[in-house]
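Student: The structure file structure.pdb (PDB, C-alpha atoms and all ligand atoms) is provided below.
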MODEL        1
ATOM      1  CA  MET W   1      -4.675 -18.720  -4.504  1.00  0.00           C
ATOM      2  CA  THR W   2      -5.741 -15.431  -2.978  1.00  0.00           C
ATOM      3  CA  LYS W   3      -2.822 -13.055  -2.871  1.00  0.00           C
ATOM      4  CA  ILE W   4      -2.848 -11.248   0.446  1.00  0.00           C
ATOM      5  CA  ALA W   5      -0.755  -8.074   0.654  1.00  0.00           C
ATOM      6  CA  VAL W   6       0.298  -6.299   3.828  1.00  0.00           C
ATOM      7  CA  VAL W   7       0.796  -2.535   3.854  1.00  0.00           C
ATOM      8  CA  PRO W   8       2.730  -1.925   7.084  1.00  0.00           C
ATOM      9  CA  GLY W   9       3.614   1.346   8.745  1.00  0.00           C
ATOM     10  CA  SER W  10       3.354   3.586  11.754  1.00  0.00           C
ATOM     11  CA  PHE W  11       0.505   5.648  10.250  1.00  0.00           C
ATOM     12  CA  ASP W  12       0.842   8.275  12.996  1.00  0.00           C
ATOM     13  CA  PRO W  13      -1.469   9.510  11.485  1.00  0.00           C
ATOM     14  CA  ILE W  14      -2.462   8.254   8.019  1.00  0.00           C
ATOM     15  CA  THR W  15      -1.831  10.858   5.263  1.00  0.00           C
ATOM     16  CA  ASN W  16      -3.024  11.198   1.677  1.00  0.00           C
ATOM     17  CA  GLY W  17       0.330   9.668   0.666  1.00  0.00           C
ATOM     18  CA  HIS W  18      -0.385   6.486   2.648  1.00  0.00           C
ATOM     19  CA  LEU W  19      -3.932   6.440   1.314  1.00  0.00           C
ATOM     20  CA  ASP W  20      -2.649   6.626  -2.252  1.00  0.00           C
ATOM     21  CA  ILE W  21      -0.451   3.553  -1.662  1.00  0.00           C
ATOM     22  CA  ILE W  22      -3.279   1.609   0.039  1.00  0.00           C
ATOM     23  CA  GLU W  23      -5.692   2.519  -2.742  1.00  0.00           C
ATOM     24  CA  ARG W  24      -3.332   1.331  -5.457  1.00  0.00           C
ATOM     25  CA  ALA W  25      -2.491  -1.877  -3.582  1.00  0.00           C
ATOM     26  CA  ALA W  26      -6.240  -2.532  -3.227  1.00  0.00           C
ATOM     27  CA  LYS W  27      -6.640  -2.347  -7.004  1.00  0.00           C
ATOM     28  CA  VAL W  28      -3.968  -5.000  -7.567  1.00  0.00           C
ATOM     29  CA  PHE W  29      -4.404  -7.459  -4.681  1.00  0.00           C
ATOM     30  CA  PRO W  30      -7.661  -9.193  -3.727  1.00  0.00           C
ATOM     31  CA  GLU W  31      -6.996  -8.623  -0.015  1.00  0.00           C
ATOM     32  CA  VAL W  32      -4.969  -5.818   1.540  1.00  0.00           C
ATOM     33  CA  ARG W  33      -4.149  -5.742   5.232  1.00  0.00           C
ATOM     34  CA  VAL W  34      -3.045  -2.390   6.549  1.00  0.00           C
ATOM     35  CA  ALA W  35      -0.944  -3.234   9.607  1.00  0.00           C
ATOM     36  CA  VAL W  36      -0.248  -0.568  12.224  1.00  0.00           C
ATOM     37  CA  MET W  37       3.146  -1.607  13.537  1.00  0.00           C
ATOM     38  CA  ASN W  38       3.655  -0.885  17.185  1.00  0.00           C
ATOM     39  CA  ASN W  39       7.273  -1.836  17.707  1.00  0.00           C
ATOM     40  CA  SER W  40       9.230   1.193  16.621  1.00  0.00           C
ATOM     41  CA  SER W  41      11.205   3.424  18.918  1.00  0.00           C
ATOM     42  CA  LYS W  42       9.149   6.401  17.730  1.00  0.00           C
ATOM     43  CA  ASN W  43       7.074   8.246  20.301  1.00  0.00           C
ATOM     44  CA  PRO W  44       3.627   8.195  18.688  1.00  0.00           C
ATOM     45  CA  LEU W  45       1.049  10.990  18.940  1.00  0.00           C
ATOM     46  CA  PHE W  46      -1.910   8.654  18.372  1.00  0.00           C
ATOM     47  CA  THR W  47      -2.495   5.332  20.139  1.00  0.00           C
ATOM     48  CA  VAL W  48      -2.628   2.206  17.990  1.00  0.00           C
ATOM     49  CA  GLU W  49      -6.417   2.114  18.453  1.00  0.00           C
ATOM     50  CA  GLU W  50      -6.757   5.754  17.352  1.00  0.00           C
ATOM     51  CA  ARG W  51      -4.556   5.141  14.308  1.00  0.00           C
ATOM     52  CA  MET W  52      -6.560   2.050  13.375  1.00  0.00           C
ATOM     53  CA  ALA W  53      -9.868   3.903  13.757  1.00  0.00           C
ATOM     54  CA  LEU W  54      -8.654   6.713  11.472  1.00  0.00           C
ATOM     55  CA  ILE W  55      -7.408   4.267   8.819  1.00  0.00           C
ATOM     56  CA  SER W  56     -10.676   2.394   9.074  1.00  0.00           C
ATOM     57  CA  ALA W  57     -12.699   5.581   8.578  1.00  0.00           C
ATOM     58  CA  VAL W  58     -10.777   6.734   5.519  1.00  0.00           C
ATOM     59  CA  THR W  59     -10.577   3.336   3.782  1.00  0.00           C
ATOM     60  CA  SER W  60     -14.201   2.300   4.342  1.00  0.00           C
ATOM     61  CA  LYS W  61     -14.937   2.583   0.614  1.00  0.00           C
ATOM     62  CA  PHE W  62     -12.515  -0.250  -0.179  1.00  0.00           C
ATOM     63  CA  PRO W  63     -14.205  -3.571   0.660  1.00  0.00           C
ATOM     64  CA  ASN W  64     -10.968  -5.576   0.319  1.00  0.00           C
ATOM     65  CA  VAL W  65      -8.988  -3.492   2.846  1.00  0.00           C
ATOM     66  CA  ILE W  66      -8.702  -4.846   6.397  1.00  0.00           C
ATOM     67  CA  ILE W  67      -7.153  -2.895   9.280  1.00  0.00           C
ATOM     68  CA  ASP W  68      -4.971  -4.676  11.800  1.00  0.00           C
ATOM     69  CA  SER W  69      -2.063  -4.100  14.168  1.00  0.00           C
ATOM     70  CA  SER W  70       1.029  -5.941  15.287  1.00  0.00           C
ATOM     71  CA  SER W  71       3.710  -5.420  17.873  1.00  0.00           C
ATOM     72  CA  GLY W  72       6.053  -8.106  16.653  1.00  0.00           C
ATOM     73  CA  LEU W  73       8.196  -8.608  13.588  1.00  0.00           C
ATOM     74  CA  LEU W  74       6.543  -7.669  10.310  1.00  0.00           C
ATOM     75  CA  ILE W  75       7.550 -10.958   8.714  1.00  0.00           C
ATOM     76  CA  ASP W  76       5.905 -12.941  11.543  1.00  0.00           C
ATOM     77  CA  TYR W  77       2.749 -10.879  11.124  1.00  0.00           C
ATOM     78  CA  ALA W  78       2.777 -11.469   7.347  1.00  0.00           C
ATOM     79  CA  ARG W  79       3.164 -15.219   7.895  1.00  0.00           C
ATOM     80  CA  SER W  80       0.398 -15.296  10.499  1.00  0.00           C
ATOM     81  CA  VAL W  81      -2.131 -13.833   8.042  1.00  0.00           C
ATOM     82  CA  LYS W  82      -0.763 -15.919   5.127  1.00  0.00           C
ATOM     83  CA  ALA W  83       0.331 -12.849   3.195  1.00  0.00           C
ATOM     84  CA  SER W  84       2.757 -13.391   0.338  1.00  0.00           C
ATOM     85  CA  VAL W  85       3.447  -9.733  -0.421  1.00  0.00           C
ATOM     86  CA  ILE W  86       4.521  -6.656   1.535  1.00  0.00           C
ATOM     87  CA  VAL W  87       3.761  -3.313  -0.137  1.00  0.00           C
ATOM     88  CA  ARG W  88       5.788  -0.227   0.750  1.00  0.00           C
ATOM     89  CA  GLY W  89       5.644   3.291  -0.612  1.00  0.00           C
ATOM     90  CA  LEU W  90       8.645   5.100  -2.055  1.00  0.00           C
ATOM     91  CA  ARG W  91       8.711   8.868  -1.979  1.00  0.00           C
ATOM     92  CA  ALA W  92      12.220   9.940  -2.830  1.00  0.00           C
ATOM     93  CA  ILE W  93      15.743   8.604  -3.117  1.00  0.00           C
ATOM     94  CA  SER W  94      16.104   9.313   0.585  1.00  0.00           C
ATOM     95  CA  ASP W  95      13.638   6.467   1.318  1.00  0.00           C
ATOM     96  CA  PHE W  96      15.640   4.019  -0.731  1.00  0.00           C
ATOM     97  CA  GLU W  97      18.468   3.132   1.635  1.00  0.00           C
ATOM     98  CA  TYR W  98      16.171   2.533   4.593  1.00  0.00           C
ATOM     99  CA  GLU W  99      13.739   0.486   2.522  1.00  0.00           C
ATOM    100  CA  MET W 100      16.561  -1.567   1.017  1.00  0.00           C
ATOM    101  CA  GLN W 101      17.816  -2.428   4.501  1.00  0.00           C
ATOM    102  CA  ILE W 102      14.376  -3.547   5.712  1.00  0.00           C
ATOM    103  CA  THR W 103      13.611  -5.456   2.514  1.00  0.00           C
ATOM    104  CA  SER W 104      16.931  -7.294   2.578  1.00  0.00           C
ATOM    105  CA  MET W 105      16.416  -8.248   6.210  1.00  0.00           C
ATOM    106  CA  ASN W 106      12.862  -9.420   5.576  1.00  0.00           C
ATOM    107  CA  ARG W 107      14.046 -11.477   2.627  1.00  0.00           C
ATOM    108  CA  MET W 108      16.690 -13.090   4.799  1.00  0.00           C
ATOM    109  CA  LEU W 109      14.024 -13.959   7.378  1.00  0.00           C
ATOM    110  CA  ASP W 110      11.583 -15.361   4.829  1.00  0.00           C
ATOM    111  CA  GLU W 111      12.420 -15.625   1.161  1.00  0.00           C
ATOM    112  CA  SER W 112       8.897 -16.591   0.187  1.00  0.00           C
ATOM    113  CA  ILE W 113       7.459 -13.165   1.045  1.00  0.00           C
ATOM    114  CA  GLU W 114       8.098 -10.537  -1.653  1.00  0.00           C
ATOM    115  CA  THR W 115       8.262  -6.794  -1.075  1.00  0.00           C
ATOM    116  CA  PHE W 116       6.713  -4.606  -3.763  1.00  0.00           C
ATOM    117  CA  PHE W 117       7.283  -0.868  -3.994  1.00  0.00           C
ATOM    118  CA  VAL W 118       4.760   1.657  -5.187  1.00  0.00           C
ATOM    119  CA  MET W 119       5.929   5.113  -6.131  1.00  0.00           C
ATOM    120  CA  THR W 120       3.843   7.863  -4.683  1.00  0.00           C
ATOM    121  CA  LYS W 121       2.077  10.513  -6.709  1.00  0.00           C
ATOM    122  CA  ASN W 122       4.355  13.507  -7.240  1.00  0.00           C
ATOM    123  CA  GLN W 123       2.229  15.802  -5.133  1.00  0.00           C
ATOM    124  CA  TYR W 124       2.797  13.556  -2.090  1.00  0.00           C
ATOM    125  CA  SER W 125       6.509  12.993  -2.536  1.00  0.00           C
ATOM    126  CA  PHE W 126       7.385  15.404   0.290  1.00  0.00           C
ATOM    127  CA  LEU W 127       4.588  14.244   2.562  1.00  0.00           C
ATOM    128  CA  SER W 128       5.189  12.435   5.837  1.00  0.00           C
ATOM    129  CA  SER W 129       3.236  12.009   9.059  1.00  0.00           C
ATOM    130  CA  SER W 130       5.947  13.977  10.884  1.00  0.00           C
ATOM    131  CA  ILE W 131       5.715  17.016   8.624  1.00  0.00           C
ATOM    132  CA  VAL W 132       1.923  16.987   8.851  1.00  0.00           C
ATOM    133  CA  LYS W 133       2.131  16.914  12.665  1.00  0.00           C
ATOM    134  CA  GLU W 134       4.628  19.766  12.645  1.00  0.00           C
ATOM    135  CA  VAL W 135       2.361  21.974  10.500  1.00  0.00           C
ATOM    136  CA  ALA W 136      -0.785  21.005  12.455  1.00  0.00           C
ATOM    137  CA  ARG W 137       0.891  21.757  15.779  1.00  0.00           C
ATOM    138  CA  TYR W 138       1.322  25.396  14.730  1.00  0.00           C
ATOM    139  CA  GLY W 139      -2.136  25.696  13.215  1.00  0.00           C
ATOM    140  CA  GLY W 140      -1.122  25.515   9.526  1.00  0.00           C
ATOM    141  CA  ASP W 141      -3.505  24.359   6.804  1.00  0.00           C
ATOM    142  CA  ILE W 142      -3.162  20.594   6.238  1.00  0.00           C
ATOM    143  CA  SER W 143      -6.419  20.094   4.365  1.00  0.00           C
ATOM    144  CA  LEU W 144      -4.659  19.054   1.132  1.00  0.00           C
ATOM    145  CA  LEU W 145      -2.383  16.604   2.924  1.00  0.00           C
ATOM    146  CA  VAL W 146      -4.709  14.445   5.020  1.00  0.00           C
ATOM    147  CA  PRO W 147      -8.351  13.294   4.846  1.00  0.00           C
ATOM    148  CA  PRO W 148     -10.844  15.513   6.786  1.00  0.00           C
ATOM    149  CA  GLU W 149     -11.191  12.922   9.601  1.00  0.00           C
ATOM    150  CA  VAL W 150      -7.453  13.092  10.216  1.00  0.00           C
ATOM    151  CA  GLU W 151      -7.394  16.884  10.063  1.00  0.00           C
ATOM    152  CA  LYS W 152     -10.078  16.955  12.763  1.00  0.00           C
ATOM    153  CA  ALA W 153      -8.257  14.410  14.935  1.00  0.00           C
ATOM    154  CA  LEU W 154      -5.035  16.447  14.724  1.00  0.00           C
ATOM    155  CA  GLN W 155      -6.874  19.640  15.651  1.00  0.00           C
ATOM    156  CA  GLU W 156      -8.341  17.853  18.655  1.00  0.00           C
ATOM    157  CA  LYS W 157      -4.913  16.626  19.767  1.00  0.00           C
ATOM    158  CA  TYR W 158      -3.218  19.987  19.435  1.00  0.00           C
ATOM    159  CA  GLU W 159      -5.968  22.434  20.287  1.00  0.00           C
ATOM    160  CA  GLY W 160      -8.122  20.283  22.523  1.00  0.00           C
ATOM    161  CA  LYS W 161     -11.062  21.153  20.238  1.00  0.00           C
TER     162      LYS W 161
HETATM  163  P1  LIG C   1       7.299   3.477   8.821  1.00  0.00           P
HETATM  164  O1  LIG C   1       7.581   3.899  10.217  1.00  0.00           O
HETATM  165  O2  LIG C   1       7.162   1.993   8.659  1.00  0.00           O
HETATM  166  O3  LIG C   1       8.169   4.096   7.761  1.00  0.00           O
HETATM  167  P2  LIG C   1       5.206   5.226   7.898  1.00  0.00           P
HETATM  168  O4  LIG C   1       3.848   5.334   8.452  1.00  0.00           O
HETATM  169  O5  LIG C   1       6.091   6.411   7.959  1.00  0.00           O
HETATM  170  O6  LIG C   1       5.828   3.974   8.607  1.00  0.00           O
HETATM  171  O7  LIG C   1       5.113   4.749   6.383  1.00  0.00           O
HETATM  172  C1  LIG C   1       4.452   3.578   6.014  1.00  0.00           C
HETATM  173  C2  LIG C   1       4.657   3.323   4.534  1.00  0.00           C
HETATM  174  O8  LIG C   1       4.049   4.366   3.776  1.00  0.00           O
HETATM  175  C3  LIG C   1       6.111   3.298   4.103  1.00  0.00           C
HETATM  176  O9  LIG C   1       6.247   2.366   3.058  1.00  0.00           O
HETATM  177  C4  LIG C   1       6.360   4.687   3.586  1.00  0.00           C
HETATM  178  O10 LIG C   1       7.400   4.708   2.616  1.00  0.00           O
HETATM  179  C5  LIG C   1       5.013   4.970   2.939  1.00  0.00           C
HETATM  180  N1  LIG C   1       4.733   6.394   2.859  1.00  0.00           N
HETATM  181  C6  LIG C   1       4.739   7.316   3.827  1.00  0.00           C
HETATM  182  N2  LIG C   1       4.414   8.538   3.347  1.00  0.00           N
HETATM  183  C7  LIG C   1       4.203   8.362   2.025  1.00  0.00           C
HETATM  184  C8  LIG C   1       3.868   9.234   0.942  1.00  0.00           C
HETATM  185  N3  LIG C   1       3.715  10.537   1.113  1.00  0.00           N
HETATM  186  N4  LIG C   1       3.735   8.691  -0.273  1.00  0.00           N
HETATM  187  C9  LIG C   1       3.928   7.374  -0.457  1.00  0.00           C
HETATM  188  N5  LIG C   1       4.248   6.507   0.491  1.00  0.00           N
HETATM  189  C10 LIG C   1       4.391   6.993   1.709  1.00  0.00           C
ENDMDL
END
Just give me the structure as structure tokens.
Ligand code: ADP
Tutor:
Amino acid sequence: MTKIAVVPGSFDPITNGHLDIIERAAKVFPEVRVAVMNNSSKNPLFTVEERMALISAVTSKFPNVIIDSSSGLLIDYARSVKASVIVRGLRAISDFEYEMQITSMNRMLDESIETFFVMTKNQYSFLSSSIVKEVARYGGDISLLVPPEVEKALQEKYEGK
């Protein structure tokens, strides 16, 4: 049986931290679906299509990574693509409570789908899309935090370059 794993998130935009998680999931699972979830109350900077295009560009070297989107419940999306695993990244203890809540709810909705956690590399443990946007907005150097395609896209958003 092919184990399909879903890596869900807002990815607004994708950072090196996300990429690290996707890369490691792609080494373990034969098929990884990165799902841009479009149902949060967050006010995104990038459209779903823009976020998908950026993820696609920076994961093109992984043949088993597929980019997708969903505006429904994650568990329904996972079922619809026959995924048996959800992969989430853990940065710090502060992520734990939120992740535990989501994982417990997902387990209640469908016990057959497991959530696996991957701990980020230390150098990305402080990294989030929000902090990257904050630094980019004021023209700070984000070249070590995001792939070059994302850096360019952020510059275009904020400086109209
Ligand atoms: P969400 O809104 O679902 O939290 P995010 O795009 O913020 O979406 O995050 C998607 C996933 O990537 C989550 O599992 C999150 O913990 C993980 N993640 C985000 N930033 C990092 C990072 N720097 N290192 C490792 N994992 C990360």
Student: Counting all atoms listed in the file, write as a list in words all protein and nucleic acid residues lying at most 12 Å from (16.4, -7.8, 2.1) in the file's frame.
Tutor: Ile75, Ile86, Glu97, Tyr98, Glu99, Met100, Gln101, Ile102, Thr103, Ser104, Met105, Asn106, Arg107, Met108, Leu109, Asp110, Glu111, Ser112, Ile113, Glu114, Thr115 and Phe116 of chain W
Student: Those residues you just picked out, can you put them in a file as a short mmCIF file (atom, residue, chain, number, x, y, z; two decimals), in the coordinates of the input with C-alpha atoms?
Tutor:
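Generated output (part_14.cif):
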data_model
loop_
_atom_site.label_atom_id
_atom_site.label_comp_id
_atom_site.auth_asym_id
_atom_site.auth_seq_id
_atom_site.Cartn_x
_atom_site.Cartn_y
_atom_site.Cartn_z
CA ILE W 75 7.55 -10.96 8.71
CA ILE W 86 4.52 -6.66 1.54
CA GLU W 97 18.47 3.13 1.64
CA TYR W 98 16.17 2.53 4.59
CA GLU W 99 13.74 0.49 2.52
CA MET W 100 16.56 -1.57 1.02
CA GLN W 101 17.82 -2.43 4.50
CA ILE W 102 14.38 -3.55 5.71
CA THR W 103 13.61 -5.46 2.51
CA SER W 104 16.93 -7.29 2.58
CA MET W 105 16.42 -8.25 6.21
CA ASN W 106 12.86 -9.42 5.58
CA ARG W 107 14.05 -11.48 2.63
CA MET W 108 16.69 -13.09 4.80
CA LEU W 109 14.02 -13.96 7.38
CA ASP W 110 11.58 -15.36 4.83
CA GLU W 111 12.42 -15.62 1.16
CA SER W 112 8.90 -16.59 0.19
CA ILE W 113 7.46 -13.16 1.04
CA GLU W 114 8.10 -10.54 -1.65
CA THR W 115 8.26 -6.79 -1.08
CA PHE W 116 6.71 -4.61 -3.76
#
Student: Could you list the protein, DNA and RNA residues that have any atom within 9 Å of ligand LIG 1 (chain C), counting all atoms listed in the file, and write them as number ranges by chain?
Tutor: W: 7-22, 36-37, 40, 42, 87-92, 95-96, 98-99, 117-130, 145
Student: If you apply the PyMOL selection byres (((chain W and resi 29) around 9) and not hetatm) to this file, what residues do you get, as a PyMOL selection string?
Tutor: chain W and resi 2-5+24-28+30-32+64
Student: Those same residues, written as a PDB file, keeping the file's coordinate frame with C-alpha atoms?
Tutor:
ATOM      1  CA  THR W   2      -5.741 -15.431  -2.978  1.00  0.00           C
ATOM      2  CA  LYS W   3      -2.822 -13.055  -2.871  1.00  0.00           C
ATOM      3  CA  ILE W   4      -2.848 -11.248   0.446  1.00  0.00           C
ATOM      4  CA  ALA W   5      -0.755  -8.074   0.654  1.00  0.00           C
ATOM      5  CA  ARG W  24      -3.332   1.331  -5.457  1.00  0.00           C
ATOM      6  CA  ALA W  25      -2.491  -1.877  -3.582  1.00  0.00           C
ATOM      7  CA  ALA W  26      -6.240  -2.532  -3.227  1.00  0.00           C
ATOM      8  CA  LYS W  27      -6.640  -2.347  -7.004  1.00  0.00           C
ATOM      9  CA  VAL W  28      -3.968  -5.000  -7.567  1.00  0.00           C
ATOM     10  CA  PRO W  30      -7.661  -9.193  -3.727  1.00  0.00           C
ATOM     11  CA  GLU W  31      -6.996  -8.623  -0.015  1.00  0.00           C
ATOM     12  CA  VAL W  32      -4.969  -5.818   1.540  1.00  0.00           C
ATOM     13  CA  ASN W  64     -10.968  -5.576   0.319  1.00  0.00           C
TER      14      ASN W  64
END
Student: Grab the CA of Leu74 in chain W to CA of Val132 in chain W distance for me, in Å with one decimal place.
Tutor: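 Computing it gives 25.1 Å between the two atoms.
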Student: From the list W:Ser80, W:Val34, W:Val48, W:Leu154, which residue is nearest Glu134 in chain W when using all atoms listed in the file?
Tutor: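 The shortest atom-to-atom distance to Glu134 in chain W comes from W:Leu154.
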Student: Name the closest residue to Ile67 in chain W among the candidates W:Ile131, W:Arg79, W:Lys152, W:Glu49; distances are taken between atoms, counting all atoms listed in the file.
Tutor: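 For Ile67 in chain W, the nearest of the candidates is W:Glu49.
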Student: For CA of Ala136 in chain W and CA of Val6 in chain W, quote the distance in Å rounded to one decimal.
Tutor: 28.7 Å
Student: Give me the residues within 10 Å of Tyr138 in chain W as a list in words, counting all atoms listed in the file and dropping any in the same chain fewer than 5 places off.
Tutor: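 The neighbour list is Lys133, Tyr158 and Glu159 of chain W.
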Student: Kindly give the distance, in Å, that separates CA of Phe46 in chain W and CA of Glu23 in chain W, rounded to a single decimal.
Tutor: 22.3 Å
Student: Calculated over only C-alpha atoms, which of the candidates W:Pro63, W:Pro147, W:Gln155, W:Arg33 has the smallest distance to Lys82 in chain W?
Tutor: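 So, comparing all the options, the nearest one is W:Arg33.
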Student: Select, from W:Ser71, W:Ile142, W:Ala35, W:Thr47, the residue with the minimum atom-to-atom distance to Ala83 in chain W, counting only C-alpha atoms.
Tutor: W:Ala35
